[in-house]
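Participant: Just one file: run.tsv, with TSV, C-alpha atoms and all ligand atoms.
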```
chain	number	residue	atom	x	y	z
A	47	MET	CA	-11.68	7.93	10.93
A	48	PHE	CA	-11.94	10.61	8.26
A	49	ASN	CA	-13.14	13.15	10.82
A	50	GLU	CA	-9.97	12.47	12.80
A	51	ILE	CA	-7.62	13.53	9.98
A	52	THR	CA	-5.49	16.18	11.67
A	53	GLY	CA	-4.48	19.46	10.07
A	54	LYS	CA	-0.90	18.14	9.81
A	55	ILE	CA	-1.99	14.98	7.97
A	56	ALA	CA	-4.29	16.93	5.63
A	57	ALA	CA	-1.51	19.43	4.87
A	58	ARG	CA	1.03	16.71	4.02
A	59	MET	CA	-1.56	14.86	1.89
A	60	LYS	CA	-2.12	18.06	-0.08
A	61	VAL	CA	1.66	18.55	-0.60
A	62	LEU	CA	2.02	14.99	-1.95
A	63	GLU	CA	-1.13	15.23	-4.10
A	64	ASP	CA	0.31	18.36	-5.71
A	65	ILE	CA	3.74	16.76	-6.33
A	66	ASP	CA	2.12	13.61	-7.76
A	67	LYS	CA	-0.09	15.70	-10.06
A	68	SER	CA	2.81	17.68	-11.48
A	69	ASP	CA	5.01	14.51	-11.74
A	70	ARG	CA	2.48	13.11	-14.21
A	71	ILE	CA	2.71	16.06	-16.59
A	72	ASP	CA	6.15	17.61	-16.20
A	73	GLY	CA	8.29	14.79	-17.61
A	74	THR	CA	9.68	13.58	-14.26
A	75	GLU	CA	11.29	10.21	-14.98
A	76	ARG	CA	9.36	7.12	-13.87
A	77	LEU	CA	11.50	6.01	-10.93
A	78	LYS	CA	11.51	9.53	-9.46
A	79	ARG	CA	7.72	9.96	-9.74
A	80	LEU	CA	5.64	9.34	-6.62
A	81	ARG	CA	3.12	7.24	-8.59
A	82	GLN	CA	0.70	7.33	-5.69
A	83	ILE	CA	-2.92	6.23	-5.36
A	84	PRO	CA	-5.75	8.74	-5.80
A	85	LEU	CA	-7.68	10.04	-2.80
A	86	GLU	CA	-10.71	7.77	-3.25
A	87	THR	CA	-8.46	4.70	-3.20
A	88	GLY	CA	-6.92	6.02	0.02
A	89	LYS	CA	-10.34	6.21	1.64
A	90	PHE	CA	-11.19	2.75	0.31
A	91	LEU	CA	-8.00	1.32	1.88
A	92	SER	CA	-8.73	2.95	5.25
A	93	LEU	CA	-12.23	1.52	5.33
A	94	GLN	CA	-11.12	-1.98	4.29
A	95	ALA	CA	-8.22	-2.07	6.77
A	96	ALA	CA	-10.45	-0.83	9.59
A	97	ASN	CA	-12.67	-3.91	9.18
A	98	CYS	CA	-9.87	-6.49	9.09
A	99	PRO	CA	-9.33	-8.95	11.95
A	100	ASP	CA	-6.40	-8.69	14.38
A	101	GLY	CA	-2.99	-9.02	12.75
A	102	ASN	CA	-0.24	-7.08	11.05
A	103	PHE	CA	-0.98	-4.33	8.53
A	104	ILE	CA	1.61	-4.27	5.75
A	105	GLU	CA	2.20	-2.24	2.59
A	106	ILE	CA	4.58	-3.17	-0.22
A	107	GLY	CA	5.66	0.07	-1.93
A	108	THR	CA	5.69	3.18	0.30
A	109	SER	CA	6.93	5.85	-2.13
A	110	ALA	CA	6.50	9.14	-0.18
A	111	GLY	CA	3.98	7.60	2.22
A	112	TYR	CA	0.69	8.90	0.80
A	113	SER	CA	-1.14	5.55	0.86
A	114	THR	CA	0.55	4.75	4.19
A	115	MET	CA	-1.10	7.83	5.69
A	116	TRP	CA	-4.52	6.49	4.70
A	117	ILE	CA	-3.82	3.00	6.08
A	118	SER	CA	-2.42	4.55	9.27
A	119	LEU	CA	-5.87	5.97	10.10
A	120	ALA	CA	-7.13	2.40	10.55
A	121	ALA	CA	-3.94	1.30	12.34
A	122	LYS	CA	-4.24	4.15	14.84
A	123	GLU	CA	-7.77	3.06	15.74
A	124	ARG	CA	-6.46	-0.28	16.98
A	125	ASN	CA	-3.11	0.86	18.34
A	126	ILE	CA	-0.88	-0.98	15.88
A	127	LYS	CA	1.77	0.14	13.37
A	128	VAL	CA	1.66	-0.11	9.59
A	129	LYS	CA	4.76	-1.98	8.40
A	130	THR	CA	5.63	-0.43	5.04
A	131	PHE	CA	8.40	-1.49	2.65
A	132	GLU	CA	10.44	0.80	0.39
A	133	LEU	CA	13.58	0.22	-1.64
A	134	ILE	CA	14.70	3.56	-3.08
A	135	GLU	CA	16.69	5.86	-0.77
A	136	LYS	CA	15.14	9.12	-2.01
A	137	LYS	CA	11.64	7.72	-1.48
A	138	ILE	CA	12.63	6.46	1.98
A	139	ASN	CA	13.77	9.97	2.91
A	140	LEU	CA	10.59	11.54	1.54
A	141	ALA	CA	8.48	9.01	3.44
A	142	LYS	CA	10.32	9.79	6.68
A	143	GLU	CA	9.65	13.49	6.06
A	144	THR	CA	5.97	12.66	5.48
A	145	PHE	CA	5.58	10.67	8.68
A	146	ASN	CA	7.38	13.34	10.74
A	147	GLU	CA	5.49	16.26	9.24
A	148	ALA	CA	2.14	14.48	9.52
A	149	GLY	CA	2.93	13.60	13.16
A	150	ILE	CA	2.31	9.87	12.62
A	151	SER	CA	5.79	8.34	12.99
A	152	ASP	CA	4.55	6.42	16.05
A	153	VAL	CA	2.01	4.54	13.88
A	154	ILE	CA	4.48	3.56	11.13
A	155	GLU	CA	7.36	1.10	10.83
A	156	LEU	CA	9.25	1.91	7.64
A	157	ILE	CA	11.22	-1.16	6.54
A	158	GLU	CA	14.06	-0.15	4.24
A	159	GLY	CA	15.24	-2.45	1.45
A	160	ASP	CA	13.80	-5.10	-0.82
A	161	ALA	CA	10.39	-6.25	0.35
A	162	LEU	CA	10.93	-9.59	-1.35
A	163	ILE	CA	13.66	-10.25	1.23
A	164	ASN	CA	12.22	-8.43	4.25
A	165	LEU	CA	8.73	-9.91	3.94
A	166	LYS	CA	10.15	-13.23	5.05
A	167	ASN	CA	10.31	-11.90	8.63
A	168	ILE	CA	6.60	-10.98	8.83
A	169	ASN	CA	3.71	-13.30	9.75
A	170	ASP	CA	0.04	-13.12	10.79
A	171	VAL	CA	-0.93	-10.46	8.27
A	172	SER	CA	-4.52	-9.21	8.39
A	173	PHE	CA	-4.18	-6.43	5.77
A	174	CYS	CA	-1.71	-6.22	2.90
A	175	PHE	CA	-1.62	-3.51	0.25
A	176	ILE	CA	0.52	-4.35	-2.80
A	177	ASP	CA	1.65	-1.32	-4.82
A	178	CYS	CA	5.23	-1.92	-6.02
A	179	GLU	CA	6.69	-2.68	-9.47
A	180	LYS	CA	4.00	-4.55	-11.36
A	181	GLU	CA	6.46	-7.23	-12.54
A	182	ILE	CA	6.88	-8.52	-8.96
A	183	TYR	CA	3.21	-8.69	-7.94
A	184	GLU	CA	3.12	-12.44	-8.49
A	185	LYS	CA	6.20	-12.93	-6.27
A	186	CYS	CA	4.54	-10.77	-3.62
A	187	TRP	CA	1.44	-12.97	-3.84
A	188	ASP	CA	3.56	-16.09	-3.42
A	189	LEU	CA	5.29	-14.62	-0.36
A	190	VAL	CA	2.26	-13.07	1.35
A	191	SER	CA	-0.79	-15.19	0.56
A	192	GLY	CA	0.21	-17.93	3.02
A	193	LYS	CA	0.67	-15.37	5.81
A	194	ILE	CA	-2.85	-13.93	5.70
A	195	VAL	CA	-5.02	-14.69	8.75
A	196	LYS	CA	-8.63	-15.86	8.41
A	197	SER	CA	-10.84	-13.03	7.04
A	198	GLY	CA	-7.74	-10.93	6.29
A	199	LEU	CA	-7.32	-9.02	3.02
A	200	ILE	CA	-4.79	-8.60	0.25
A	201	ILE	CA	-5.50	-5.55	-1.92
A	202	ALA	CA	-3.43	-5.00	-5.06
A	203	ASP	CA	-3.40	-1.66	-6.89
A	204	ASN	CA	-3.47	-1.13	-10.69
A	205	ALA	CA	-5.71	-4.12	-11.38
A	206	ILE	CA	-7.37	-2.21	-14.24
A	207	ASN	CA	-4.79	0.23	-15.63
A	208	HIS	CA	-1.98	-2.39	-15.56
A	209	TYR	CA	-4.23	-5.43	-15.98
A	210	ASP	CA	-2.07	-7.10	-18.63
A	211	THR	CA	1.17	-6.77	-16.62
A	212	ILE	CA	-0.28	-8.10	-13.38
A	213	LYS	CA	-2.53	-10.71	-15.04
A	214	PRO	CA	-0.33	-13.63	-13.86
A	215	MET	CA	-0.94	-12.56	-10.26
A	216	ILE	CA	-4.64	-11.85	-10.82
A	217	ASP	CA	-5.15	-15.26	-12.46
A	218	LYS	CA	-3.30	-16.97	-9.61
A	219	ALA	CA	-5.36	-15.16	-6.97
A	220	MET	CA	-8.66	-15.85	-8.73
A	221	ALA	CA	-7.79	-19.57	-8.95
A	222	ASP	CA	-6.68	-19.79	-5.30
A	223	GLU	CA	-9.36	-21.64	-3.34
A	224	ARG	CA	-8.20	-20.08	-0.06
A	225	PHE	CA	-9.43	-16.65	-1.24
A	226	ASP	CA	-12.52	-14.88	-2.59
A	227	CYS	CA	-11.39	-12.19	-5.06
A	228	LEU	CA	-12.92	-9.30	-6.96
A	229	ILE	CA	-11.61	-6.38	-9.01
A	230	VAL	CA	-13.23	-3.19	-7.68
A	231	PRO	CA	-13.41	-0.32	-10.23
A	232	ILE	CA	-12.17	2.43	-7.94
A	233	GLY	CA	-9.08	4.51	-8.72
A	234	LYS	CA	-6.74	2.45	-10.91
A	235	GLY	CA	-8.66	-0.76	-10.08
A	236	GLU	CA	-8.20	-2.66	-6.81
A	237	LEU	CA	-7.93	-6.43	-6.69
A	238	VAL	CA	-9.49	-7.33	-3.32
A	239	CYS	CA	-8.79	-10.84	-2.00
A	240	ARG	CA	-10.31	-12.09	1.26
A	241	ARG	CA	-8.85	-15.13	3.00
A	242	LYS	CA	-11.65	-17.60	3.81
A	301	LIG	C1	3.59	2.95	-7.12
A	301	LIG	S1	4.81	3.42	-5.97
A	301	LIG	C2	3.96	3.32	-4.42
A	301	LIG	C3	2.98	4.42	-4.19
A	301	LIG	C4	2.40	4.46	-2.77
A	301	LIG	N1	1.83	3.17	-2.42
A	301	LIG	C5	1.34	5.52	-2.66
A	301	LIG	O1	0.24	5.29	-3.19
A	301	LIG	O2	1.60	6.57	-2.05
A	301	LIG	C6	5.78	1.97	-5.91
A	301	LIG	C7	6.92	2.02	-4.92
A	301	LIG	O3	7.35	0.66	-4.67
A	301	LIG	C8	8.73	0.69	-4.45
A	301	LIG	N2	9.25	-0.69	-4.68
A	301	LIG	C9	9.34	-1.34	-5.86
A	301	LIG	N3	9.85	-2.56	-5.70
A	301	LIG	C10	10.09	-2.71	-4.37
A	301	LIG	C11	10.63	-3.76	-3.56
A	301	LIG	N4	11.03	-4.92	-4.11
A	301	LIG	N5	10.73	-3.56	-2.24
A	301	LIG	C12	10.32	-2.38	-1.67
A	301	LIG	N6	9.81	-1.35	-2.39
A	301	LIG	C13	9.69	-1.51	-3.71
A	301	LIG	C14	9.23	1.70	-5.48
A	301	LIG	O4	10.52	2.17	-5.14
A	301	LIG	C15	8.14	2.76	-5.42
A	301	LIG	O5	8.47	3.82	-4.55
```
For the structure just supplied, provide its representation as structure tokens.
Ligand SMILES: C[S@@+](CC[C@H](N)C(=O)[O-])C[C@H]1O[C@@H](n2cnc3c(N)ncnc32)[C@H](O)[C@@H]1O
Facilitator:
Amino acid sequence: MFNEITGKIAARMKVLEDIDKSDRIDGTERLKRLRQIPLETGKFLSLQAANCPDGNFIEIGTSAGYSTMWISLAAKERNIKVKTFELIEKKINLAKETFNEAGISDVIELIEGDALINLKNINDVSFCFIDCEKEIYEKCWDLVSGKIVKSGLIIADNAINHYDTIKPMIDKAMADERFDCLIVPIGKGELVCRRK
């Protein structure tokens, strides 16, 4: 997969990495910041998604589409689209620009609006990446966990750097007998939950 990253994808990744880096130090207000995953988490997501069973790949929280690009590498291998949810218009426009410039629009379905509403239309999920506002992680878990196919994965970002805020979701996942869960210390901390 990583050898198949095209020049266009690599170039757009670099643009977003640079914006994200400066966002974190130049005082850009929180809702305008890209707040994207680091590169090693992107690779981790690609590898995990590539090994999931058949089913839908979804992402809650697109921002400018950086993590979506990484997940799309696995989606392309099996000829499916990543369904990714984003609420804020400026982020939606940036994400569209990303997918066009990277030449991957055919591998992405960008679902505009509140994921908590739009998720209701999606079933048979084999890979779900949760990376939205931390306060709604538990609601996302409630909506998605019953849709995961056998051996499918839910991965939630910020399981270490925002541990206290997402603890209600982590505790719920850890206590859920349908799943085996572990916090992996990569990037900001990834809660990985595999449906038995
Ligand atoms: C941390 S950023 C996502 C970063 C992205 N996953 C990446 O690594 O490139 C969180 C995004 O989730 C979006 N978001 C928050 N709540 C949402 C909701 N209810 N439905 C859809 N998107 C939401 C925010 O607008 C924001 O762009």
Participant: Quick one: residues within 7 Å of (1.6, -8.3, -1.6) (file frame), counting all atoms listed in the file, please, as a ChimeraX atom specification.
Facilitator: /A:106,174-176,183,186-187,190,200,202
Participant: My list of candidates is A:Val238, A:Met115, A:Leu165, A:Met215. Which is closest to Glu181 of chain A when distances are computed with only C-alpha atoms?
Facilitator: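 Nearest candidate to Glu181 of chain A out of A:Val238, A:Met115, A:Leu165, A:Met215: A:Met215.
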Participant: I want to know what sits within 7 Å of Asp170 of chain A, based on only C-alpha atoms, with residues of the same chain fewer than 5 positions away left out; could you give that as a short mmCIF file (atom, residue, chain, number, x, y, z; two decimals) with C-alpha atoms, in the coordinates of the input?
Facilitator:
```
data_model
loop_
_atom_site.label_atom_id
_atom_site.label_comp_id
_atom_site.auth_asym_id
_atom_site.auth_seq_id
_atom_site.Cartn_x
_atom_site.Cartn_y
_atom_site.Cartn_z
CA GLY A 101 -2.99 -9.02 12.75
CA ASN A 102 -0.24 -7.08 11.05
CA LYS A 193 0.67 -15.37 5.81
CA ILE A 194 -2.85 -13.93 5.70
CA VAL A 195 -5.02 -14.69 8.75
#
```
Participant: Can you write out as a tab-separated table which residues of chain A fall within 10 Å of ligand LIG 301 (chain A), alongside each residue's closest atom pair and its distance in Å to one decimal, counting all atoms listed in the file and ordering rows by chain and ascending residue number?
Facilitator:
```
residue	atom	partner	partner_atom	distance
A:Met59	CA	A:LIG301	O2	9.7
A:Leu62	CA	A:LIG301	O2	8.4
A:Glu63	CA	A:LIG301	O2	9.3
A:Asp66	CA	A:LIG301	O2	9.1
A:Arg76	CA	A:LIG301	C15	9.6
A:Leu77	CA	A:LIG301	O4	7.0
A:Lys78	CA	A:LIG301	O5	8.1
A:Arg79	CA	A:LIG301	O5	8.1
A:Leu80	CA	A:LIG301	S1	6.0
A:Arg81	CA	A:LIG301	C1	4.6
A:Gln82	CA	A:LIG301	O1	3.3
A:Ile83	CA	A:LIG301	O1	3.9
A:Pro84	CA	A:LIG301	O1	7.4
A:Leu85	CA	A:LIG301	O1	9.2
A:Thr87	CA	A:LIG301	O1	8.7
A:Gly88	CA	A:LIG301	O1	7.9
A:Glu105	CA	A:LIG301	N1	7.4
A:Ile106	CA	A:LIG301	N6	5.9
A:Gly107	CA	A:LIG301	O3	3.3
A:Thr108	CA	A:LIG301	C4	4.7
A:Ser109	CA	A:LIG301	O5	3.5
A:Ala110	CA	A:LIG301	O2	5.8
A:Gly111	CA	A:LIG301	O2	5.0
A:Tyr112	CA	A:LIG301	O2	3.8
A:Ser113	CA	A:LIG301	O2	4.1
A:Thr114	CA	A:LIG301	O2	6.6
A:Met115	CA	A:LIG301	O2	8.3
A:Trp116	CA	A:LIG301	O2	9.1
A:Thr130	CA	A:LIG301	C12	8.4
A:Phe131	CA	A:LIG301	C12	4.8
A:Glu132	CA	A:LIG301	N6	3.6
A:Leu133	CA	A:LIG301	N6	4.2
A:Ile134	CA	A:LIG301	O4	4.9
A:Glu135	CA	A:LIG301	O4	8.4
A:Lys136	CA	A:LIG301	O5	8.9
A:Lys137	CA	A:LIG301	O5	5.9
A:Ile138	CA	A:LIG301	O5	8.2
A:Ala141	CA	A:LIG301	O2	9.1
A:Ile157	CA	A:LIG301	C12	8.3
A:Glu158	CA	A:LIG301	C12	7.3
A:Gly159	CA	A:LIG301	C12	5.8
A:Asp160	CA	A:LIG301	N5	3.7
A:Ala161	CA	A:LIG301	N5	3.7
A:Leu162	CA	A:LIG301	N4	5.4
A:Ile163	CA	A:LIG301	N4	8.0
A:Asn164	CA	A:LIG301	N5	8.2
A:Leu165	CA	A:LIG301	N5	9.1
A:Phe175	CA	A:LIG301	N1	8.0
A:Ile176	CA	A:LIG301	N1	7.6
A:Asp177	CA	A:LIG301	N1	5.1
A:Cys178	CA	A:LIG301	O3	3.6
A:Glu179	CA	A:LIG301	C9	4.7
A:Lys180	CA	A:LIG301	C9	8.3
A:Glu181	CA	A:LIG301	N3	8.9
A:Ile182	CA	A:LIG301	N4	7.3
A:Tyr183	CA	A:LIG301	N3	9.3
A:Lys185	CA	A:LIG301	N4	9.6
A:Cys186	CA	A:LIG301	N4	8.8
A:Asp203	CA	A:LIG301	C1	8.4
A:Asn204	CA	A:LIG301	C1	8.9
```
Participant: What's the 8 Å shell around Ala95 of chain A, counting only C-alpha atoms, without same-chain residues fewer than 4 positions away, as a list in words?
Facilitator: Leu91, Phe103, Ile117, Ala120, Ala121, Phe173 and Leu199 of chain A
Participant: How many Å lie between atom CA of Ser151 of chain A and atom CA of Glu86 of chain A, rounded to one decimal?
Facilitator: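 Pair atom CA of Ser151 of chain A / atom CA of Glu86 of chain A returns 23.2 Å.
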Participant: Just checking: using all atoms listed in the file, which residue out of A:Thr211, A:Ser191, A:Asn167, A:Thr52 ends up closest to Arg241 of chain A?
Facilitator: A:Ser191
